[in-house]
Amino acid sequence: MDKFEELFSQYNTAYTEEGVKAEVEKILAEHFAENNNRQVWERCLSMIELTSLNGDDTEEKLAKMTARVNDFTDEFPGLKNVATICAYPALVPTIKELLTAEGVGITSVAGGFPASQTFIEVKVAEVALAVAAGATDIDVVLSQGKFLSGDYQTCFDEIAEMKAASGNTDFKVILEVGALKSAENIAKASILSMAAGAGYIKSSTGKIATAATPESTYIMCQMIKQWYEKTGEKVLFKPAGGVSTTEDAVKHYTLVKQILGEGWLDNHSMRIGASRLANNLLSSIEGKEVKYF
């Protein structure tokens, strides 16, 4: 048995799509309604990493987004601001120069985002450059091709090298769950990423059709729970990609709450990668349509 099969054997990774779907439906049927309220909507809003990851992003666009974040607490007194602004590395300096909102960080995707199909030297350099530019959070992508071909060592080594280059930032590994083919693969990718140094595991880049689903959240949270119980290390969680409605956010929140508990429900322990979600949550909170961000 090689070291990665030995690693996986220490955890229950034998999830099936049918079994996970049934467990998710049961949890949501029993607990969704109790969490679908203003207090939870406000908490979810504070977990958002307000994201713009488009090829046509400009410095002007990110400047406007940053200004909205800076003005948020004046416009919505009593509400807690978003957690971070998330953008490509080249736009981090723009955000850093303009961001004045207290307690709001800067997330940069890096490491060959979104496909992770480049040289490890490029991935490490991009992480280091994003940190030097002012990123407080770094989000990198698991090499799905290497993972699916069974080259777990390369996946592990790449994550570990990018982690080392990330310094003291919050370091997140994106699994790209829609590319991993099976529930068991999502479980194994979660364990591999945590073993290699992930501070968070994140579901998706948002760049492929299947992104964050309640089922992937269920599996990833179960693996975080198993990891915590075995090692004592608290790895954090970020659903991202396709989380756009208030209902979506509450579903993910409910699953995290039921599987991991209150200790994972502050706006550092759980983040939500989103663009449209912020306005939808604000609309639910205010009881009218809001198009602020």
# chains A, B, ... in the order shown; residues from 1 in each chain; ligands from 1

call {"tool": "closest_atom_pairs", "arguments": {"of": "range 94-188 of chain A", "to": "range 10-22 of chain A", "cutoff": "10 Å", "atoms": "only C-alpha atoms", "output": "CSV"}}
result
residue,atom,partner,partner_atom,distance
A:Ser182,CA,A:Glu17,CA,7.2
A:Ala183,CA,A:Tyr15,CA,5.5
A:Glu184,CA,A:Tyr15,CA,5.2
A:Asn185,CA,A:Thr13,CA,8.0
A:Ile186,CA,A:Thr13,CA,8.5
A:Ala187,CA,A:Thr13,CA,5.3
A:Lys188,CA,A:Thr13,CA,6.3

call {"tool": "residues_around", "arguments": {"residues": "Lys172 in chain A", "least_positions_apart": "3", "cutoff": "7 Å", "atoms": "only C-alpha atoms", "output": "number ranges by chain"}}
result
A: 138-140, 198-202

call {"tool": "write_last_selection", "arguments": {"atoms": "N, CA and C atoms", "output": "PDB file, in the first residue's frame"}}
result
ATOM      1  N   ILE A 138      -5.193  33.555  -0.338  1.00  0.00           N
ATOM      2  CA  ILE A 138      -4.770  32.972  -1.602  1.00  0.00           C
ATOM      3  C   ILE A 138      -5.621  31.729  -1.880  1.00  0.00           C
ATOM      4  N   ASP A 139      -6.218  31.684  -3.071  1.00  0.00           N
ATOM      5  CA  ASP A 139      -7.020  30.535  -3.494  1.00  0.00           C
ATOM      6  C   ASP A 139      -6.351  29.871  -4.689  1.00  0.00           C
ATOM      7  N   VAL A 140      -5.916  28.616  -4.519  1.00  0.00           N
ATOM      8  CA  VAL A 140      -5.265  27.875  -5.593  1.00  0.00           C
ATOM      9  C   VAL A 140      -6.134  26.672  -5.972  1.00  0.00           C
ATOM     10  N   ALA A 198      -3.722  22.680   3.240  1.00  0.00           N
ATOM     11  CA  ALA A 198      -4.844  23.593   3.015  1.00  0.00           C
ATOM     12  C   ALA A 198      -5.401  24.111   4.328  1.00  0.00           C
ATOM     13  N   GLY A 199      -5.556  25.437   4.418  1.00  0.00           N
ATOM     14  CA  GLY A 199      -6.225  26.026   5.565  1.00  0.00           C
ATOM     15  C   GLY A 199      -7.734  26.018   5.403  1.00  0.00           C
ATOM     16  N   TYR A 200      -8.152  26.071   4.154  1.00  0.00           N
ATOM     17  CA  TYR A 200      -9.554  25.918   3.762  1.00  0.00           C
ATOM     18  C   TYR A 200      -9.586  24.922   2.609  1.00  0.00           C
ATOM     19  N   ILE A 201     -10.699  24.215   2.467  1.00  0.00           N
ATOM     20  CA  ILE A 201     -11.000  23.572   1.205  1.00  0.00           C
ATOM     21  C   ILE A 201     -12.218  24.263   0.610  1.00  0.00           C
ATOM     22  N   LYS A 202     -12.126  24.474  -0.694  1.00  0.00           N
ATOM     23  CA  LYS A 202     -13.109  25.269  -1.429  1.00  0.00           C
ATOM     24  C   LYS A 202     -13.652  24.417  -2.569  1.00  0.00           C
TER      25      LYS A 202
END

call {"tool": "atom_distance", "arguments": {"atom1": "CA of Ala133 in chain A", "atom2": "CA of Ser275 in chain A"}}
result
22.6 Å

call {"tool": "select_by_dssp", "arguments": {"residues": "range 36-275 of chain A", "states": "alpha helix (DSSP H)", "output": "ChimeraX atom specification"}}
result
/A:38-46,59-75,92-98,120-133,144-148,152-165,183-196,214-231,246-259

call {"tool": "closest_residue", "arguments": {"among": "A:Val256, A:Ala110, A:Leu45, A:Leu192", "to": "Ala83 in chain A", "atoms": "only C-alpha atoms"}}
result
A:Leu45

call {"tool": "closest_residue", "arguments": {"among": "A:Gly242, A:Gly287, A:Gly134, A:Gly111", "to": "Lys96 in chain A", "atoms": "only C-alpha atoms"}}
result
A:Gly134

call {"tool": "closest_residue", "arguments": {"among": "A:Ser284, A:Thr73, A:Ser166, A:Ser244", "to": "Gly206 in chain A", "atoms": "only C-alpha atoms"}}
result
A:Ser244

call {"tool": "closest_residue", "arguments": {"among": "A:Ile224, A:Met65, A:Leu50, A:Leu281", "to": "Gly105 in chain A", "atoms": "only C-alpha atoms"}}
result
A:Leu50

call {"tool": "select_by_dssp", "arguments": {"residues": "range 138-194 of chain A", "states": "strand (DSSP E)", "output": "ChimeraX atom specification"}}
result
/A:138-141,170-174

call {"tool": "residues_around", "arguments": {"residues": "Lys80 in chain A", "least_positions_apart": "2", "cutoff": "7 Å", "atoms": "only C-alpha atoms", "output": "mmCIF file with C-alpha atoms, in the first residue's frame"}}
result
data_model
loop_
_atom_site.group_PDB
_atom_site.id
_atom_site.type_symbol
_atom_site.label_atom_id
_atom_site.label_comp_id
_atom_site.auth_asym_id
_atom_site.auth_seq_id
_atom_site.Cartn_x
_atom_site.Cartn_y
_atom_site.Cartn_z
ATOM 1 C CA SER A 46 -20.644 38.728 6.238
ATOM 2 C CA GLY A 78 -25.984 47.788 11.536
ATOM 3 C CA VAL A 82 -18.410 41.309 3.336
#

call {"tool": "atom_distance", "arguments": {"atom1": "CA of Thr210 in chain A", "atom2": "CA of Ala179 in chain A"}}
result
7.9 Å

call {"tool": "residues_around", "arguments": {"residues": "Ser203 in chain A", "least_positions_apart": "3", "cutoff": "8 Å", "atoms": "only C-alpha atoms", "output": "list of chain:residue names"}}
result
A:Ile174, A:Leu175, A:Glu176, A:Val177, A:Ala211, A:Ala212, A:Ser216, A:Thr217, A:Lys238, A:Pro239, A:Ala240, A:Gly241

call {"tool": "write_last_selection", "arguments": {"atoms": "N, CA and C atoms", "output": "CSV table (one decimal), in the first residue's frame"}}
result
chain,number,residue,atom,x,y,z
A,174,ILE,N,-8.9,24.9,-4.0
A,174,ILE,CA,-10.1,24.6,-4.7
A,174,ILE,C,-10.1,23.2,-5.3
A,175,LEU,N,-11.1,22.4,-5.0
A,175,LEU,CA,-11.1,21.0,-5.5
A,175,LEU,C,-11.6,20.9,-6.9
A,176,GLU,N,-12.4,21.8,-7.3
A,176,GLU,CA,-13.2,21.8,-8.6
A,176,GLU,C,-14.0,20.5,-8.6
A,177,VAL,N,-15.0,20.4,-7.7
A,177,VAL,CA,-15.8,19.2,-7.4
A,177,VAL,C,-16.5,18.7,-8.7
A,211,ALA,N,-20.7,23.3,-10.0
A,211,ALA,CA,-19.9,24.0,-9.1
A,211,ALA,C,-20.3,23.6,-7.7
A,212,ALA,N,-20.4,24.5,-6.7
A,212,ALA,CA,-20.8,24.1,-5.4
A,212,ALA,C,-22.2,23.6,-5.4
A,216,SER,N,-21.8,18.3,-2.5
A,216,SER,CA,-20.3,18.5,-2.4
A,216,SER,C,-20.0,19.1,-1.0
A,217,THR,N,-20.8,20.0,-0.6
A,217,THR,CA,-20.6,20.6,0.8
A,217,THR,C,-20.8,19.5,1.8
A,238,LYS,N,-15.1,26.8,2.3
A,238,LYS,CA,-15.6,27.8,1.4
A,238,LYS,C,-16.4,27.2,0.2
A,239,PRO,N,-17.7,27.3,0.2
A,239,PRO,CA,-18.5,26.9,-1.0
A,239,PRO,C,-18.4,28.1,-2.0
A,240,ALA,N,-18.2,27.8,-3.2
A,240,ALA,CA,-18.0,28.8,-4.2
A,240,ALA,C,-18.5,28.3,-5.6
A,241,GLY,N,-19.1,29.1,-6.4
A,241,GLY,CA,-19.5,28.8,-7.7
A,241,GLY,C,-21.0,28.3,-7.7

call {"tool": "atom_distance", "arguments": {"atom1": "CA of Lys146 in chain A", "atom2": "CA of Glu5 in chain A"}}
result
15.5 Å

call {"tool": "residues_around", "arguments": {"residues": "range 234-237 of chain A", "least_positions_apart": "6", "cutoff": "12 Å", "atoms": "only C-alpha atoms", "output": "PyMOL selection string"}}
result
chain A and resi 47+139+170-175+190-191+193-204+212+216-228+252-253+255-257+259-261+263-273

call {"tool": "residues_around", "arguments": {"residues": "Lys64 in chain A", "least_positions_apart": "3", "cutoff": "12 Å", "atoms": "only C-alpha atoms", "output": "PDB file with C-alpha atoms, in the first residue's frame"}}
result
ATOM      1  CA  SER A  52     -15.113  39.320  -9.951  1.00  0.00           C
ATOM      2  CA  ASP A  57     -12.276  42.892 -15.588  1.00  0.00           C
ATOM      3  CA  THR A  58     -10.667  46.322 -15.468  1.00  0.00           C
ATOM      4  CA  GLU A  59      -9.039  48.447 -12.805  1.00  0.00           C
ATOM      5  CA  GLU A  60     -12.044  50.777 -13.059  1.00  0.00           C
ATOM      6  CA  LYS A  61     -14.481  47.928 -12.386  1.00  0.00           C
ATOM      7  CA  ALA A  67     -15.714  51.834  -3.304  1.00  0.00           C
ATOM      8  CA  ARG A  68     -19.004  50.011  -2.694  1.00  0.00           C
ATOM      9  CA  VAL A  69     -17.356  47.910  -0.009  1.00  0.00           C
ATOM     10  CA  ASN A  70     -15.779  51.022   1.557  1.00  0.00           C
ATOM     11  CA  ASP A  71     -19.166  52.756   1.731  1.00  0.00           C
ATOM     12  CA  ILE A  85     -12.916  41.197  -2.250  1.00  0.00           C
ATOM     13  CA  THR A  94      -5.825  48.349  -7.311  1.00  0.00           C
ATOM     14  CA  ILE A  95      -7.872  46.917  -4.453  1.00  0.00           C
ATOM     15  CA  LEU A  98      -8.248  51.873  -2.501  1.00  0.00           C
ATOM     16  CA  LEU A  99      -9.588  49.546   0.209  1.00  0.00           C
ATOM     17  CA  TYR A 292     -26.018  47.824  -4.321  1.00  0.00           C
ATOM     18  CA  PHE A 293     -22.994  45.813  -5.432  1.00  0.00           C
TER      19      PHE A 293
END
